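What follows is a short report on a single structure.
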Amino acid sequence: MSKIVFITGATSGFGKACAELFAGNNCSLIINGRRNDRLQELKHELEVRFKVNVYTLAFDVQDKKAVFDAIAQLPAEWQAIDVLINNAGLALGRDYFEEADMDDWETMINTNVKGLLYVSRAIVPFMIKQQKGQIINIGSTAAKETYEKGNVYCAGKAAVDSISKAMRIDLLRHKIKVTAIHPGAAETEFSKVRFKGDEQKAAAVYEGYKPLSAKDVAEVVYYTSTLPAHVCINDLVVTCTAQANSFYTFKD
Ligand code: NDP
Ligand code: 8X3
C-alpha cells in the first residue's frame, strides 16, 4: 500500500483539506471524526476522485476505550501508519475566566489534550514497530500567546506545544518525527463551533482581513511530510499575512 496517513477530525476544516491533499498525492487514508455520515461521504468522494484507499474510523477522541478499541481493530495492512495528524479539536466559548462554562473547559481539555494523547498512544506502537513515522500535532498561535478570554483553549494548546516537545525527545530513539504546527486565524467551522452556532459572531472573526484557508494549512502540513527521512520540521507557526500573532491583526 502507498503511504498511510491517519487524520483525526477529518470531517471539516484542516482535517478535511488534509484528507483531500494527501489523497490527491496518492496516500492511503484513515479518517476519523464523530460524524460518520460526513466520513462516509468523504471516503466515497476521495476514492472516486483520486482512486485511493480510504478507511473510516468514527469515534470521539475523548473516549479512551473507543479510541483504543477502534485502532486495535485496524486490519494488519492498515497498521503500518506513516503519518498521524492529530488535528481533532475545538474551542468552546470566549469568556472571562470567572464567567466561562466549566463544562466547556472539560470538553476542550478532554478533546484537545487528552484525545491527542490517547490517539497518539494507540498509534505509536505501530510506528515503533516500523522504526519510522511522523506525528503532526495541530497546535495554535493560542499556544504561543495566551489572549484575553482564551484561558482554557490557550492552555490546552500550550499543552499540545509542550506534549509535542516531550514526544520529540522520548520518541527520538524510535526514529519518529514529531512536528507541531501552530496556525493563526483560519476560516473553517472553528468559530461556528466556538460561538455555538452564532453565525454572525463567527463571521465577525474574519472581517476586515484575509484569513488562512483550510487548504493553506493543509499545504503546510503536507510539505512537512515530504522531507527526507533525516529532516524534521519541529515547530512551525503559520498565520495569514495580516496577522502577526494572537494579539495583532491588521484590518482594513
Ligand atoms: P473545524 O471545526 O472545521 O474542524 C474540527 C474537526 O475536529 C472536525 O472534523 C470535528 O469532527 C473534529 N472533532 C472535534 N471534536 C472531536 C472529537 N471529540 N472526536 C473526534 N473528532 C472531533 O475546525 P478546524 O479545522 O479549524 O480545527 C482543526 C484543529 O485546528 C483544531 O485542533 C483547532 O483547535 C485547530 N486550530 C484552528 C484554527 C482556526 O482558526 N480555525 C487555528 C489554529 C488551530 P466531528 O465534529 O465530526 O467530530
Ligand atoms: C485558533 C486561533 O486565535 O482563535 O486556534 O485562538 S485563535
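By order in the C-alpha cells, chains are A, B, ...; within a chain, residues start at 1; ligands start at 1, following the order shown.
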Self-check item: Residues near Gly184 (chain A), cut-off 12 Å, only C-alpha atoms, skip fewer than 3 positions along chain, as a ChimeraX atom specification
Solution: /A:138-145,181,187-188,190,205-206,210-214,216-217,236-249
So that I can see what lies close to region 232-235 of chain A, please list as a PDB file with N, CA, C and O atoms, in the first residue's frame the residues with an atom at most 10 Å from it, counting only C-alpha atoms and leaving out residues fewer than 3 positions away in the same chain.
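Result file follows (result09.pdb):
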```pdb
ATOM      1  N   GLN A 134       5.803   9.778  11.414  1.00  0.00           N
ATOM      2  CA  GLN A 134       5.771  11.206  11.748  1.00  0.00           C
ATOM      3  C   GLN A 134       4.444  11.511  12.434  1.00  0.00           C
ATOM      4  O   GLN A 134       3.372  11.115  11.946  1.00  0.00           O
ATOM      5  N   ILE A 136       2.155  14.656  13.490  1.00  0.00           N
ATOM      6  CA  ILE A 136       1.981  16.094  13.267  1.00  0.00           C
ATOM      7  C   ILE A 136       0.858  16.569  14.193  1.00  0.00           C
ATOM      8  O   ILE A 136      -0.302  16.147  14.049  1.00  0.00           O
ATOM      9  N   ASN A 137       1.211  17.373  15.166  1.00  0.00           N
ATOM     10  CA  ASN A 137       0.231  17.876  16.127  1.00  0.00           C
ATOM     11  C   ASN A 137      -0.204  19.289  15.727  1.00  0.00           C
ATOM     12  O   ASN A 137       0.648  20.161  15.517  1.00  0.00           O
ATOM     13  N   GLY A 139      -1.323  22.589  16.811  1.00  0.00           N
ATOM     14  CA  GLY A 139      -1.435  23.486  17.970  1.00  0.00           C
ATOM     15  C   GLY A 139      -2.211  24.720  17.573  1.00  0.00           C
ATOM     16  O   GLY A 139      -3.276  24.636  16.955  1.00  0.00           O
ATOM     17  N   ASP A 161       1.708  22.084  22.626  1.00  0.00           N
ATOM     18  CA  ASP A 161       3.076  22.536  22.332  1.00  0.00           C
ATOM     19  C   ASP A 161       4.070  21.759  23.209  1.00  0.00           C
ATOM     20  O   ASP A 161       5.068  21.200  22.721  1.00  0.00           O
ATOM     21  N   SER A 164       4.234  18.038  22.420  1.00  0.00           N
ATOM     22  CA  SER A 164       4.988  17.805  21.173  1.00  0.00           C
ATOM     23  C   SER A 164       6.481  17.759  21.467  1.00  0.00           C
ATOM     24  O   SER A 164       7.207  16.907  20.932  1.00  0.00           O
ATOM     25  N   LYS A 165       6.938  18.674  22.336  1.00  0.00           N
ATOM     26  CA  LYS A 165       8.365  18.670  22.701  1.00  0.00           C
ATOM     27  C   LYS A 165       8.718  17.376  23.424  1.00  0.00           C
ATOM     28  O   LYS A 165       9.757  16.757  23.165  1.00  0.00           O
ATOM     29  N   ARG A 168       8.835  14.470  21.049  1.00  0.00           N
ATOM     30  CA  ARG A 168      10.016  14.546  20.173  1.00  0.00           C
ATOM     31  C   ARG A 168      11.231  13.962  20.892  1.00  0.00           C
ATOM     32  O   ARG A 168      12.025  13.226  20.306  1.00  0.00           O
ATOM     33  N   ILE A 176      11.079   8.447  15.212  1.00  0.00           N
ATOM     34  CA  ILE A 176       9.764   9.022  14.870  1.00  0.00           C
ATOM     35  C   ILE A 176       9.881  10.545  14.907  1.00  0.00           C
ATOM     36  O   ILE A 176      10.342  11.123  15.892  1.00  0.00           O
ATOM     37  N   LYS A 177       9.466  11.176  13.804  1.00  0.00           N
ATOM     38  CA  LYS A 177       9.497  12.642  13.739  1.00  0.00           C
ATOM     39  C   LYS A 177       8.265  13.197  14.459  1.00  0.00           C
ATOM     40  O   LYS A 177       7.172  12.634  14.339  1.00  0.00           O
ATOM     41  N   VAL A 178       8.446  14.311  15.144  1.00  0.00           N
ATOM     42  CA  VAL A 178       7.290  14.984  15.755  1.00  0.00           C
ATOM     43  C   VAL A 178       7.298  16.451  15.332  1.00  0.00           C
ATOM     44  O   VAL A 178       8.260  17.184  15.591  1.00  0.00           O
ATOM     45  N   THR A 179       6.234  16.831  14.653  1.00  0.00           N
ATOM     46  CA  THR A 179       6.115  18.185  14.104  1.00  0.00           C
ATOM     47  C   THR A 179       4.909  18.860  14.737  1.00  0.00           C
ATOM     48  O   THR A 179       3.806  18.308  14.711  1.00  0.00           O
ATOM     49  N   ALA A 180       5.118  20.042  15.306  1.00  0.00           N
ATOM     50  CA  ALA A 180       3.975  20.816  15.816  1.00  0.00           C
ATOM     51  C   ALA A 180       3.738  21.978  14.859  1.00  0.00           C
ATOM     52  O   ALA A 180       4.669  22.711  14.525  1.00  0.00           O
ATOM     53  N   ILE A 181       2.499  22.106  14.414  1.00  0.00           N
ATOM     54  CA  ILE A 181       2.149  23.200  13.503  1.00  0.00           C
ATOM     55  C   ILE A 181       1.127  24.085  14.211  1.00  0.00           C
ATOM     56  O   ILE A 181       0.095  23.597  14.697  1.00  0.00           O
ATOM     57  N   HIS A 182       1.445  25.373  14.260  1.00  0.00           N
ATOM     58  CA  HIS A 182       0.607  26.313  15.018  1.00  0.00           C
ATOM     59  C   HIS A 182      -0.005  27.352  14.086  1.00  0.00           C
ATOM     60  O   HIS A 182       0.621  28.381  13.793  1.00  0.00           O
ATOM     61  N   TYR A 223       3.600  19.688   3.234  1.00  0.00           N
ATOM     62  CA  TYR A 223       5.022  19.947   2.964  1.00  0.00           C
ATOM     63  C   TYR A 223       5.913  19.290   4.029  1.00  0.00           C
ATOM     64  O   TYR A 223       6.931  18.671   3.702  1.00  0.00           O
ATOM     65  N   THR A 224       5.501  19.400   5.287  1.00  0.00           N
ATOM     66  CA  THR A 224       6.360  18.846   6.354  1.00  0.00           C
ATOM     67  C   THR A 224       6.480  17.325   6.235  1.00  0.00           C
ATOM     68  O   THR A 224       7.393  16.736   6.810  1.00  0.00           O
ATOM     69  N   SER A 225       5.545  16.713   5.510  1.00  0.00           N
ATOM     70  CA  SER A 225       5.578  15.248   5.377  1.00  0.00           C
ATOM     71  C   SER A 225       6.379  14.792   4.153  1.00  0.00           C
ATOM     72  O   SER A 225       6.502  13.587   3.919  1.00  0.00           O
ATOM     73  N   THR A 226       6.887  15.761   3.387  1.00  0.00           N
ATOM     74  CA  THR A 226       7.560  15.383   2.131  1.00  0.00           C
ATOM     75  C   THR A 226       9.088  15.431   2.257  1.00  0.00           C
ATOM     76  O   THR A 226       9.789  15.180   1.283  1.00  0.00           O
ATOM     77  N   LEU A 227       9.583  15.794   3.442  1.00  0.00           N
ATOM     78  CA  LEU A 227      11.031  15.996   3.599  1.00  0.00           C
ATOM     79  C   LEU A 227      11.760  14.658   3.719  1.00  0.00           C
ATOM     80  O   LEU A 227      11.150  13.655   4.105  1.00  0.00           O
ATOM     81  N   PRO A 228      13.051  14.662   3.423  1.00  0.00           N
ATOM     82  CA  PRO A 228      13.811  13.398   3.531  1.00  0.00           C
ATOM     83  C   PRO A 228      13.766  12.838   4.961  1.00  0.00           C
ATOM     84  O   PRO A 228      13.505  13.589   5.909  1.00  0.00           O
ATOM     85  N   ALA A 229      14.038  11.536   5.084  1.00  0.00           N
ATOM     86  CA  ALA A 229      13.926  10.850   6.381  1.00  0.00           C
ATOM     87  C   ALA A 229      14.750  11.522   7.479  1.00  0.00           C
ATOM     88  O   ALA A 229      14.370  11.490   8.652  1.00  0.00           O
TER      89      ALA A 229
END
```
Quiz item: Hey, what does DSSP flag as strand (DSSP E or B) within region 2-38 of chain A? Can you give it to me as a PyMOL selection string?
Solution: chain A and resi 4-7+28-33
Counting only C-alpha atoms and all ligand atoms, give me one row per residue of chain A with an atom at most 6 Å from an atom of ligand 1, showing the shortest contact pair and its distance in Å to one decimal, sorted by chain then residue number, as a tab-separated table.
```
residue	atom	partner	partner_atom_place_in_ligand_line	distance
A:Thr8	CA	ligand 1	21 (N)	5.9
A:Gly9	CA	ligand 1	9 (O)	3.4
A:Ala10	CA	ligand 1	9 (O)	4.5
A:Thr11	CA	ligand 1	9 (O)	3.8
A:Ser12	CA	ligand 1	9 (O)	4.1
A:Gly13	CA	ligand 1	25 (O)	3.3
A:Phe14	CA	ligand 1	25 (O)	3.9
A:Gly15	CA	ligand 1	25 (O)	5.8
A:Gly33	CA	ligand 1	21 (N)	3.9
A:Arg34	CA	ligand 1	48 (O)	3.5
A:Arg35	CA	ligand 1	47 (O)	3.8
A:Phe59	CA	ligand 1	20 (C)	6.0
A:Asp60	CA	ligand 1	19 (N)	3.6
A:Val61	CA	ligand 1	19 (N)	4.0
A:Gln62	CA	ligand 1	18 (N)	5.3
A:Asn87	CA	ligand 1	29 (C)	4.8
A:Ala88	CA	ligand 1	7 (O)	3.6
A:Gly89	CA	ligand 1	32 (O)	3.4
A:Leu90	CA	ligand 1	34 (O)	4.5
A:Thr111	CA	ligand 1	18 (N)	5.1
A:Ile138	CA	ligand 1	30 (O)	5.7
A:Gly139	CA	ligand 1	44 (C)	5.5
A:Ser140	CA	ligand 1	43 (C)	4.0
A:Pro183	CA	ligand 1	43 (C)	4.3
A:Gly184	CA	ligand 1	42 (C)	4.7
A:Ala185	CA	ligand 1	40 (O)	3.6
A:Ala186	CA	ligand 1	40 (O)	3.8
A:Glu187	CA	ligand 1	41 (N)	5.6
A:Thr188	CA	ligand 1	3 (O)	4.4
A:Glu189	CA	ligand 1	3 (O)	3.7
A:Phe190	CA	ligand 1	2 (O)	3.8
```
Quiz prompt | DSSP alpha helix (DSSP H) residues within region 37-221 of chain A, as an NGL selection string | solution = :A and (37-50 or 64-72 or 102-108 or 116-130 or 141-144 or 151-170 or 190-194 or 199-204 or 214-221)
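Shortest separation to ligand 2 among A:Val160, A:Leu29, A:Ile4, A:Ile135 occurs at residue A:Val160, atoms counted being only C-alpha atoms and all ligand atoms.
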